[in-house]
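Undergrad: This structure is in structure tokens; I'll ask about it shortly.
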Amino acid sequence: MAQIDTVFNFLINNYNENEPIFLSNLSIPNMKDVSVRQQLKKLTEDGRIKRFDTGIYYIPKKTFFKTFSTLSIDEVIKKKFLLDGDSICGYVCGIRFANRLGLTTQVPMVYEICSNKATTEYRNIKVGNFHVILRKPYVEITNQNVDILQFLDLLREIVSISELEGPELTDRLLGYLKAKNLGFDMLKEYFIYYPDKIYKNMYKVGLLNCVAT
């Protein structure tokens with residue numbers, strides 16, 4: 001079997017359609033890295049796989065109209081920054097997360113990500129045609145604390161990014177805490193890692209007394 005077919009068979013047996021394939025994580029038995037790169041280039045040229053960005057490929061899914069779908073930036077972000085194998089290592093923060101909670105109507109083109117994979121406090125990078133602000137977390141992100149840290153990050157800047165105010169904002173935040181089963185004691189455990197403004201912001205949005213009781 002030709003090398004190009006060996007590589008393609010490996011891909012279709014190990015990856016789903018429209019799933020990000022990162023060259024940095026790709027290891028094919030009995031094949032040198034340089035050969036893998038060469039075959040990926042050939043597979044891209046003959047259309048069996050698509051290139052999303054430098055070092056990022058995917059097997060395109062054929063649509064109803066006999067065209068090929070494109071890879072979702074959300075899937076790339078998720079696999080590249082938010083997951084480490086089966087473990088959670090990052091989360092979306094900033095205005096994009098606030099939008100998900102209905103706190104703002106803004107939909108930024110920039111992705112703000114907090115991830116264990118960040119090597120510096122702040123880094124602005126480009127993934128495909130999208131800008132990503134990559135931040136280092138105050139404390140290591142785990143499956144157990146990800147919701148807590150994501151919420152505390154939101155509180156750190158809630159006053160400046162939320163379009164809601166008063167009871168409406170308080171109720172929205174309390175609803176999220178209830179949905180995630182987060183109590184004050186769980187949040188308080190991580191306050192030491194965050195700026196003092198966390199307390200001030202909780203008071204300003206009417207949250208401090210509500211979750212502490």
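As shown in the structure tokens, the chain order sets the letters A, B, ...; within each chain, residues go from 1, and ligands are also counted from 1 in the order they appear.
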List every residue of region 19-178 of chain A that DSSP, applied to the backbone of this structure, places in strand (DSSP E or B), and write the result as a PyMOL selection string.
TA: chain A and resi 21-22+50-53+56-58+62+68+83-84+87-88+90-92+111-115+122-127+130-135
Undergrad: If you measure from CA of Val92 (chain A) to CA of Ile59 (chain A), what distance in Å do you get, rounded to one decimal?
TA: 25.7 Å
Undergrad: For region 44-58 of chain A, list every protein, DNA or RNA residue within 9 Å, evaluated using only C-alpha atoms, and leave out those in the same chain fewer than 6 positions away; present the list as a list of chain:residue names.
TA: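 Listed by chain and then number, they are A:Phe8, A:Leu11, A:Tyr15, A:Asn16, A:Glu17, A:Asn18, A:Glu19, A:Pro20, A:Ile21, A:Phe22, A:Leu23, A:Ser24, A:Thr70, A:Leu71, A:Val76, A:Val127, A:Gly128, A:Asn129.
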Undergrad: Could you please take those selected residues and save N, CA and C atoms as a PDB file, in the first residue's frame?
TA:
```
ATOM      1  N   PHE A   8      -3.910   8.028   4.974  1.00  0.00           N
ATOM      2  CA  PHE A   8      -5.344   8.330   4.900  1.00  0.00           C
ATOM      3  C   PHE A   8      -6.160   7.292   5.666  1.00  0.00           C
ATOM      4  N   LEU A  11      -5.985   8.040   9.281  1.00  0.00           N
ATOM      5  CA  LEU A  11      -6.805   9.195   9.649  1.00  0.00           C
ATOM      6  C   LEU A  11      -8.282   8.837   9.760  1.00  0.00           C
ATOM      7  N   TYR A  15      -9.990   9.412  13.307  1.00  0.00           N
ATOM      8  CA  TYR A  15     -10.615  10.730  13.409  1.00  0.00           C
ATOM      9  C   TYR A  15     -11.976  10.717  12.730  1.00  0.00           C
ATOM     10  N   ASN A  16     -12.894  11.483  13.283  1.00  0.00           N
ATOM     11  CA  ASN A  16     -14.203  11.654  12.659  1.00  0.00           C
ATOM     12  C   ASN A  16     -14.134  12.742  11.607  1.00  0.00           C
ATOM     13  N   GLU A  17     -15.132  12.794  10.748  1.00  0.00           N
ATOM     14  CA  GLU A  17     -15.217  13.878   9.782  1.00  0.00           C
ATOM     15  C   GLU A  17     -15.372  15.204  10.542  1.00  0.00           C
ATOM     16  N   ASN A  18     -14.727  16.253  10.024  1.00  0.00           N
ATOM     17  CA  ASN A  18     -14.772  17.587  10.630  1.00  0.00           C
ATOM     18  C   ASN A  18     -14.248  17.605  12.068  1.00  0.00           C
ATOM     19  N   GLU A  19     -13.315  16.722  12.358  1.00  0.00           N
ATOM     20  CA  GLU A  19     -12.620  16.739  13.654  1.00  0.00           C
ATOM     21  C   GLU A  19     -11.201  17.265  13.425  1.00  0.00           C
ATOM     22  N   PRO A  20     -10.756  18.234  14.221  1.00  0.00           N
ATOM     23  CA  PRO A  20      -9.406  18.783  14.024  1.00  0.00           C
ATOM     24  C   PRO A  20      -8.326  17.719  14.165  1.00  0.00           C
ATOM     25  N   ILE A  21      -7.387  17.736  13.238  1.00  0.00           N
ATOM     26  CA  ILE A  21      -6.228  16.845  13.272  1.00  0.00           C
ATOM     27  C   ILE A  21      -4.995  17.721  13.412  1.00  0.00           C
ATOM     28  N   PHE A  22      -4.337  17.647  14.546  1.00  0.00           N
ATOM     29  CA  PHE A  22      -3.172  18.479  14.802  1.00  0.00           C
ATOM     30  C   PHE A  22      -1.902  17.708  14.451  1.00  0.00           C
ATOM     31  N   LEU A  23      -1.135  18.275  13.542  1.00  0.00           N
ATOM     32  CA  LEU A  23       0.099  17.633  13.111  1.00  0.00           C
ATOM     33  C   LEU A  23       1.022  17.362  14.297  1.00  0.00           C
ATOM     34  N   SER A  24       1.033  18.262  15.265  1.00  0.00           N
ATOM     35  CA  SER A  24       1.920  18.113  16.421  1.00  0.00           C
ATOM     36  C   SER A  24       1.568  16.890  17.264  1.00  0.00           C
ATOM     37  N   THR A  70     -17.005  22.972   6.196  1.00  0.00           N
ATOM     38  CA  THR A  70     -15.748  23.490   6.730  1.00  0.00           C
ATOM     39  C   THR A  70     -15.631  23.145   8.218  1.00  0.00           C
ATOM     40  N   LEU A  71     -14.435  23.211   8.702  1.00  0.00           N
ATOM     41  CA  LEU A  71     -14.173  22.895  10.099  1.00  0.00           C
ATOM     42  C   LEU A  71     -14.587  24.061  10.994  1.00  0.00           C
ATOM     43  N   VAL A  76     -11.950  23.567  16.857  1.00  0.00           N
ATOM     44  CA  VAL A  76     -10.495  23.746  16.916  1.00  0.00           C
ATOM     45  C   VAL A  76     -10.086  24.315  18.270  1.00  0.00           C
ATOM     46  N   VAL A 127      -5.615  31.861  14.984  1.00  0.00           N
ATOM     47  CA  VAL A 127      -5.951  30.484  14.629  1.00  0.00           C
ATOM     48  C   VAL A 127      -6.890  30.554  13.441  1.00  0.00           C
ATOM     49  N   GLY A 128      -6.414  30.131  12.296  1.00  0.00           N
ATOM     50  CA  GLY A 128      -7.197  30.335  11.081  1.00  0.00           C
ATOM     51  C   GLY A 128      -7.340  31.824  10.832  1.00  0.00           C
ATOM     52  N   ASN A 129      -8.566  32.283  10.671  1.00  0.00           N
ATOM     53  CA  ASN A 129      -8.821  33.708  10.468  1.00  0.00           C
ATOM     54  C   ASN A 129      -9.302  34.390  11.746  1.00  0.00           C
TER      55      ASN A 129
END
```
Undergrad: Applying 8 Å and only C-alpha atoms, which residues near region 141-156 of chain A remain after dropping the ones on its own chain fewer than 4 positions away? List them as a list in words.
TA: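 My list of contacting residues is Ser87, Ile88, Cys89, Gly90, Tyr91, Val92, Cys93, Gly94, Phe97, Ala98, Ser115, Asn116, Pro137, Lys180, Leu182, Met186, Leu187, Tyr190, Pro195, Lys197, Ile198, Asn201 and Met202 of chain A.
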Undergrad: At a cut-off of 6 Å, using only C-alpha atoms, what residues contact Leu134 (chain A)? Leave out same-chain residues fewer than 5 positions from it and give the result as a list of chain:residue names.
TA: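 Counting only the stated atoms, we get A:Ile113, A:Cys114, A:Tyr122, A:Arg123.
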Undergrad: Could you pull out the helix (DSSP H, G or I) residues of chain A, going by DSSP on the backbone, and write them as a VMD selection string?
TA: chain A and resid 3 to 14 23 to 25 33 to 45 73 to 82 94 to 100 146 to 161 166 to 179 184 to 188 191 to 193 197 to 204 208 to 212
Undergrad: Hey, which bits of region 94-114 of chain A sit within 10 Å of region 167-172 of chain A, and for each residue what's the closest pair of atoms and how far apart in Å (one decimal), counting only C-alpha atoms, rows by chain and increasing number, as a Markdown table?
TA:
```
| residue | atom | partner | partner_atom | distance |
| --- | --- | --- | --- | --- |
| A:Leu101 | CA | A:Arg172 | CA | 7.7 |
| A:Gly102 | CA | A:Arg172 | CA | 8.0 |
| A:Leu103 | CA | A:Leu169 | CA | 7.4 |
```
Undergrad: In Å, how far is it from CA of Ala179 (chain A) to CA of Asn99 (chain A)?
TA: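 CA of Asn99 (chain A) lies 16.8 Å from CA of Ala179 (chain A).
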Undergrad: Can you measure CA of Asn13 (chain A) to CA of Lys80 (chain A) for me? One decimal in Å is fine.
TA: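 A separation of 20.5 Å between them.
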Undergrad: Which is closest to Leu173 (chain A) among A:Ile12, A:Asp185, A:Val132, A:Arg100, if we use only C-alpha atoms?
TA: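 Checking each candidate against Leu173 (chain A), we get A:Arg100 as the closest.
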Undergrad: Using only C-alpha atoms, pick whichever of A:Leu207, A:Ile192, A:Glu165, A:Ser27 has the shortest atom-to-atom distance to Thr104 (chain A).
TA: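 Distance minimum relative to Thr104 (chain A) lands on A:Glu165.
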